[in-house]
$ cat entry29.cif   # mmCIF, N, CA and C atoms
data_model
#
loop_
_atom_site.label_atom_id
_atom_site.label_comp_id
_atom_site.auth_asym_id
_atom_site.auth_seq_id
_atom_site.Cartn_x
_atom_site.Cartn_y
_atom_site.Cartn_z
N MET A 1 154.91 1.90 64.53
CA MET A 1 153.54 1.52 64.20
C MET A 1 152.74 2.73 63.76
N ALA A 2 151.93 2.55 62.77
CA ALA A 2 151.09 3.64 62.27
C ALA A 2 149.92 3.85 63.23
N LYS A 3 149.61 5.09 63.45
CA LYS A 3 148.50 5.42 64.34
C LYS A 3 147.18 5.10 63.64
N SER A 4 146.30 4.45 64.35
CA SER A 4 145.01 4.06 63.78
C SER A 4 144.15 5.30 63.54
N LYS A 5 143.50 5.34 62.39
CA LYS A 5 142.61 6.46 62.08
C LYS A 5 141.19 6.18 62.52
N LYS A 6 140.95 4.97 63.00
CA LYS A 6 139.61 4.61 63.43
C LYS A 6 139.31 5.23 64.80
N LYS A 7 138.20 5.86 64.91
CA LYS A 7 137.81 6.50 66.16
C LYS A 7 136.96 5.55 66.99
N TRP A 8 137.28 5.45 68.28
CA TRP A 8 136.50 4.57 69.14
C TRP A 8 135.06 5.03 69.23
N SER A 9 134.83 6.36 69.18
CA SER A 9 133.47 6.87 69.30
C SER A 9 132.62 6.48 68.10
N ARG A 10 133.23 6.40 66.93
CA ARG A 10 132.49 5.98 65.75
C ARG A 10 132.07 4.52 65.89
N ASP A 11 132.98 3.70 66.39
CA ASP A 11 132.67 2.28 66.60
C ASP A 11 131.52 2.12 67.60
N VAL A 12 131.58 2.90 68.68
CA VAL A 12 130.50 2.86 69.67
C VAL A 12 129.18 3.27 69.04
N THR A 13 129.21 4.35 68.28
CA THR A 13 127.99 4.86 67.65
C THR A 13 127.39 3.84 66.68
N GLU A 14 128.24 3.17 65.92
CA GLU A 14 127.75 2.26 64.89
C GLU A 14 127.40 0.87 65.39
N HIS A 15 128.08 0.39 66.45
CA HIS A 15 127.93 -1.01 66.83
C HIS A 15 127.47 -1.26 68.27
N SER A 16 127.14 -0.24 68.98
CA SER A 16 126.75 -0.45 70.38
C SER A 16 125.27 -0.79 70.50
N ASP A 17 124.90 -1.11 71.72
CA ASP A 17 123.49 -1.35 72.01
C ASP A 17 122.79 -0.07 72.44
N ALA A 18 123.37 1.05 72.07
CA ALA A 18 122.79 2.34 72.43
C ALA A 18 121.43 2.51 71.77
N MET A 19 120.62 3.31 72.39
CA MET A 19 119.27 3.53 71.86
C MET A 19 119.33 4.30 70.54
N ASP A 20 118.27 4.18 69.78
CA ASP A 20 118.16 4.91 68.53
C ASP A 20 117.58 6.29 68.81
N LEU A 21 118.22 7.30 68.26
CA LEU A 21 117.77 8.67 68.44
C LEU A 21 117.19 9.20 67.15
N LYS A 22 116.29 10.15 67.30
CA LYS A 22 115.74 10.84 66.14
C LYS A 22 116.88 11.60 65.47
N GLU A 23 116.98 11.48 64.16
CA GLU A 23 118.08 12.11 63.44
C GLU A 23 118.05 13.63 63.61
N GLY A 24 119.21 14.20 63.89
CA GLY A 24 119.34 15.64 64.04
C GLY A 24 118.88 16.20 65.37
N VAL A 25 118.58 15.34 66.33
CA VAL A 25 118.04 15.81 67.60
C VAL A 25 119.00 16.78 68.30
N PHE A 26 120.29 16.56 68.20
CA PHE A 26 121.25 17.41 68.90
C PHE A 26 121.52 18.72 68.17
N LYS A 27 120.93 18.91 67.02
CA LYS A 27 121.12 20.15 66.26
C LYS A 27 120.10 21.22 66.62
N SER A 28 119.10 20.86 67.38
CA SER A 28 118.07 21.81 67.79
C SER A 28 118.67 22.88 68.70
N ASP A 29 118.10 24.07 68.66
CA ASP A 29 118.52 25.15 69.55
C ASP A 29 117.65 25.22 70.81
N ASP A 30 116.70 24.30 70.92
CA ASP A 30 115.77 24.29 72.05
C ASP A 30 116.13 23.15 73.01
N PRO A 31 116.67 23.49 74.20
CA PRO A 31 117.06 22.45 75.15
C PRO A 31 115.89 21.54 75.56
N LYS A 32 114.70 22.11 75.67
CA LYS A 32 113.54 21.31 76.06
C LYS A 32 113.21 20.27 74.98
N LYS A 33 113.32 20.67 73.72
CA LYS A 33 113.05 19.76 72.61
C LYS A 33 114.07 18.62 72.58
N ILE A 34 115.33 18.95 72.80
CA ILE A 34 116.38 17.93 72.85
C ILE A 34 116.09 16.96 73.99
N ALA A 35 115.80 17.49 75.17
CA ALA A 35 115.54 16.64 76.34
C ALA A 35 114.33 15.73 76.12
N ARG A 36 113.27 16.28 75.57
CA ARG A 36 112.06 15.47 75.32
C ARG A 36 112.35 14.34 74.34
N SER A 37 113.09 14.64 73.30
CA SER A 37 113.40 13.64 72.29
C SER A 37 114.28 12.53 72.84
N VAL A 38 115.31 12.91 73.59
CA VAL A 38 116.21 11.90 74.17
C VAL A 38 115.46 11.07 75.21
N LYS A 39 114.60 11.72 75.98
CA LYS A 39 113.80 10.99 76.98
C LYS A 39 112.89 9.99 76.28
N HIS A 40 112.20 10.43 75.24
CA HIS A 40 111.30 9.55 74.50
C HIS A 40 112.07 8.34 73.94
N SER A 41 113.22 8.60 73.35
CA SER A 41 114.03 7.52 72.78
C SER A 41 114.47 6.53 73.85
N SER A 42 114.85 7.03 75.01
CA SER A 42 115.32 6.13 76.07
C SER A 42 114.18 5.29 76.64
N GLU A 43 113.00 5.87 76.71
CA GLU A 43 111.86 5.12 77.24
C GLU A 43 111.35 4.07 76.25
N GLU A 44 111.51 4.34 74.97
CA GLU A 44 111.03 3.42 73.94
C GLU A 44 112.04 2.34 73.56
N SER A 45 113.29 2.55 73.92
CA SER A 45 114.35 1.63 73.52
C SER A 45 114.23 0.29 74.24
N HIS A 46 114.43 -0.77 73.48
CA HIS A 46 114.44 -2.11 74.06
C HIS A 46 115.86 -2.62 74.17
N ARG A 47 116.83 -1.79 73.76
CA ARG A 47 118.22 -2.21 73.77
C ARG A 47 119.02 -1.60 74.91
N ARG A 48 118.45 -0.70 75.67
CA ARG A 48 119.23 -0.07 76.73
C ARG A 48 119.46 -1.05 77.87
N LYS A 49 120.57 -0.85 78.58
CA LYS A 49 120.94 -1.75 79.66
C LYS A 49 120.76 -1.12 81.03
N SER A 50 120.36 0.13 81.08
CA SER A 50 120.17 0.81 82.36
C SER A 50 118.80 1.49 82.35
N SER A 51 118.53 2.26 83.39
CA SER A 51 117.25 2.96 83.49
C SER A 51 117.13 3.97 82.35
N PRO A 52 115.90 4.35 82.00
CA PRO A 52 115.72 5.36 80.95
C PRO A 52 116.47 6.66 81.23
N PHE A 53 116.47 7.10 82.49
CA PHE A 53 117.17 8.34 82.84
C PHE A 53 118.67 8.21 82.57
N ARG A 54 119.28 7.14 83.06
CA ARG A 54 120.72 6.95 82.88
C ARG A 54 121.08 6.80 81.41
N ALA A 55 120.25 6.08 80.66
CA ALA A 55 120.53 5.90 79.23
C ALA A 55 120.46 7.24 78.50
N ALA A 56 119.44 8.04 78.82
CA ALA A 56 119.28 9.35 78.16
C ALA A 56 120.42 10.29 78.53
N MET A 57 120.76 10.35 79.80
CA MET A 57 121.83 11.24 80.24
C MET A 57 123.18 10.78 79.66
N SER A 58 123.39 9.49 79.60
CA SER A 58 124.64 8.97 79.03
C SER A 58 124.76 9.32 77.56
N MET A 59 123.68 9.23 76.82
CA MET A 59 123.73 9.54 75.40
C MET A 59 124.01 11.02 75.18
N LEU A 60 123.40 11.86 75.97
CA LEU A 60 123.62 13.30 75.86
C LEU A 60 125.07 13.65 76.23
N THR A 61 125.56 13.07 77.31
CA THR A 61 126.94 13.31 77.74
C THR A 61 127.92 12.77 76.71
N PHE A 62 127.64 11.61 76.14
CA PHE A 62 128.49 11.03 75.11
C PHE A 62 128.61 11.98 73.92
N TYR A 63 127.49 12.54 73.51
CA TYR A 63 127.50 13.46 72.38
C TYR A 63 128.35 14.70 72.69
N ILE A 64 128.17 15.26 73.87
CA ILE A 64 128.94 16.45 74.27
C ILE A 64 130.43 16.12 74.30
N ASN A 65 130.78 15.01 74.90
CA ASN A 65 132.20 14.63 75.00
C ASN A 65 132.80 14.31 73.63
N ARG A 66 132.02 13.66 72.79
CA ARG A 66 132.51 13.29 71.47
C ARG A 66 132.78 14.54 70.63
N ALA A 67 131.93 15.54 70.76
CA ALA A 67 132.11 16.78 70.00
C ALA A 67 133.29 17.58 70.52
N GLY A 68 133.53 17.50 71.81
CA GLY A 68 134.70 18.13 72.41
C GLY A 68 134.85 19.60 72.09
N ASP A 69 136.04 19.97 71.63
CA ASP A 69 136.36 21.37 71.35
C ASP A 69 135.65 21.90 70.11
N GLN A 70 135.00 21.03 69.37
CA GLN A 70 134.29 21.47 68.16
C GLN A 70 133.00 22.22 68.50
N LEU A 71 132.52 22.07 69.73
CA LEU A 71 131.30 22.77 70.15
C LEU A 71 131.61 24.22 70.48
N THR A 72 130.75 25.12 70.02
CA THR A 72 130.88 26.52 70.42
C THR A 72 130.37 26.64 71.85
N LYS A 73 130.69 27.75 72.50
CA LYS A 73 130.20 27.96 73.87
C LYS A 73 128.67 27.96 73.89
N LYS A 74 128.08 28.59 72.88
CA LYS A 74 126.62 28.67 72.82
C LYS A 74 126.02 27.27 72.67
N ARG A 75 126.59 26.46 71.79
CA ARG A 75 126.08 25.11 71.53
C ARG A 75 126.23 24.24 72.78
N ARG A 76 127.41 24.32 73.42
CA ARG A 76 127.64 23.55 74.65
C ARG A 76 126.66 23.98 75.73
N GLY A 77 126.40 25.29 75.81
CA GLY A 77 125.44 25.80 76.79
C GLY A 77 124.05 25.24 76.55
N THR A 78 123.64 25.18 75.28
CA THR A 78 122.33 24.62 74.93
C THR A 78 122.25 23.16 75.37
N LEU A 79 123.30 22.40 75.11
CA LEU A 79 123.30 20.98 75.46
C LEU A 79 123.35 20.77 76.98
N GLU A 80 124.07 21.63 77.68
CA GLU A 80 124.10 21.54 79.14
C GLU A 80 122.71 21.88 79.72
N LYS A 81 122.03 22.85 79.11
CA LYS A 81 120.67 23.16 79.53
C LYS A 81 119.74 21.99 79.24
N ALA A 82 119.99 21.28 78.15
CA ALA A 82 119.19 20.09 77.82
C ALA A 82 119.36 19.03 78.91
N LYS A 83 120.55 18.92 79.48
CA LYS A 83 120.77 17.98 80.58
C LYS A 83 119.92 18.37 81.79
N ASP A 84 119.86 19.68 82.07
CA ASP A 84 119.02 20.15 83.18
C ASP A 84 117.55 19.87 82.90
N GLU A 85 117.12 20.09 81.66
CA GLU A 85 115.73 19.81 81.29
C GLU A 85 115.42 18.32 81.41
N LEU A 86 116.39 17.50 81.04
CA LEU A 86 116.23 16.05 81.15
C LEU A 86 116.05 15.65 82.61
N ARG A 87 116.84 16.26 83.48
CA ARG A 87 116.67 15.98 84.92
C ARG A 87 115.27 16.36 85.38
N LYS A 88 114.79 17.51 84.94
CA LYS A 88 113.43 17.93 85.30
C LYS A 88 112.39 16.95 84.78
N ASP A 89 112.56 16.53 83.52
CA ASP A 89 111.61 15.61 82.90
C ASP A 89 111.53 14.28 83.64
N PHE A 90 112.62 13.88 84.27
CA PHE A 90 112.65 12.63 85.02
C PHE A 90 112.47 12.88 86.52
N ASP A 91 112.03 14.08 86.89
CA ASP A 91 111.80 14.45 88.29
C ASP A 91 113.05 14.29 89.15
N ARG A 92 114.18 14.69 88.59
CA ARG A 92 115.45 14.67 89.32
C ARG A 92 115.84 16.10 89.65
N GLN A 93 116.67 16.26 90.65
CA GLN A 93 117.13 17.59 91.04
C GLN A 93 118.18 18.08 90.05
N PRO A 94 118.05 19.33 89.58
CA PRO A 94 119.09 19.87 88.69
C PRO A 94 120.41 20.02 89.44
N LYS A 95 121.51 19.90 88.69
CA LYS A 95 122.83 20.11 89.29
C LYS A 95 123.01 21.59 89.57
N LYS A 96 123.72 21.90 90.63
CA LYS A 96 123.93 23.30 91.01
C LYS A 96 125.29 23.77 90.62
#
$ encode --input "entry29.cif" --output "structure tokens"
Amino acid sequence: MAKSKKKWSRDVTEHSDAMDLKEGVFKSDDPKKIARSVKHSSEESHRRKSSPFRAAMSMLTFYINRAGDQLTKKRRGTLEKAKDELRKDFDRQPKK
């Protein structure tokens, strides 16, 4: 059998009930800006199935996992800091 070239992550991105994000939000070098944008999108979304915090954190984690080894250490660090900022924005304790 031929291996499918279709990526499950692409299907999720295109056809899921995931919230709509501002284009290019994950390209920012400012973790606070990324966190604010994802938080805003999660709070405004009418399609999310969980709390705004869980939806925002899931989207950020999904992006990090989807990028995988393609992320540089610096870029991954920025996105991990964005997760910490997101926790702060939702009055949650940062991970240690």
$ atom_distance --input "entry29.cif" --atom1 "CA of Lys33 in chain A" --atom2 "CA of Ala82 in chain A"
8.1 Å
$ atom_distance --input "entry29.cif" --atom1 "atom N of Ala35 in chain A" --atom2 "atom N of Leu86 in chain A"
5.9 Å
$ atom_distance --input "entry29.cif" --atom1 "atom C of Asp30 in chain A" --atom2 "CA of Arg48 in chain A"
23.7 Å
$ closest_residue --input "entry29.cif" --among "A:Leu21, A:Lys32, A:Val38, A:Phe26" --to "Glu85 in chain A" --atoms "all atoms listed in the file"
A:Lys32
$ closest_residue --input "entry29.cif" --among "A:Asp91, A:Glu44, A:Asp84, A:Asp69" --to "Pro31 in chain A" --atoms "only N, CA and C atoms"
A:Asp84
$ residues_around --input "entry29.cif" --residues "Arg87 in chain A" --least-positions-apart "6" --cutoff "8 Å" --atoms "only N, CA and C atoms" --output "VMD selection string"
chain A and resid 35 53 57 81 93 to 95
$ axis_aligned_box --input "entry29.cif" --around "range 45-56 of chain A" --padding-each-side "8 Å" --output "lines of an AutoDock Vina configuration file"
center_x = 117.2
center_y = 3.8
center_z = 78.5
size_x = 23.8
size_y = 28.9
size_z = 26.0
$ residues_around --input "entry29.cif" --residues "His40 in chain A" --least-positions-apart "3" --cutoff "12 Å" --atoms "only C-alpha atoms" --output "ChimeraX atom specification"
/A:19-22,25,33-37,43-45,52-53,55-56,86,89-90
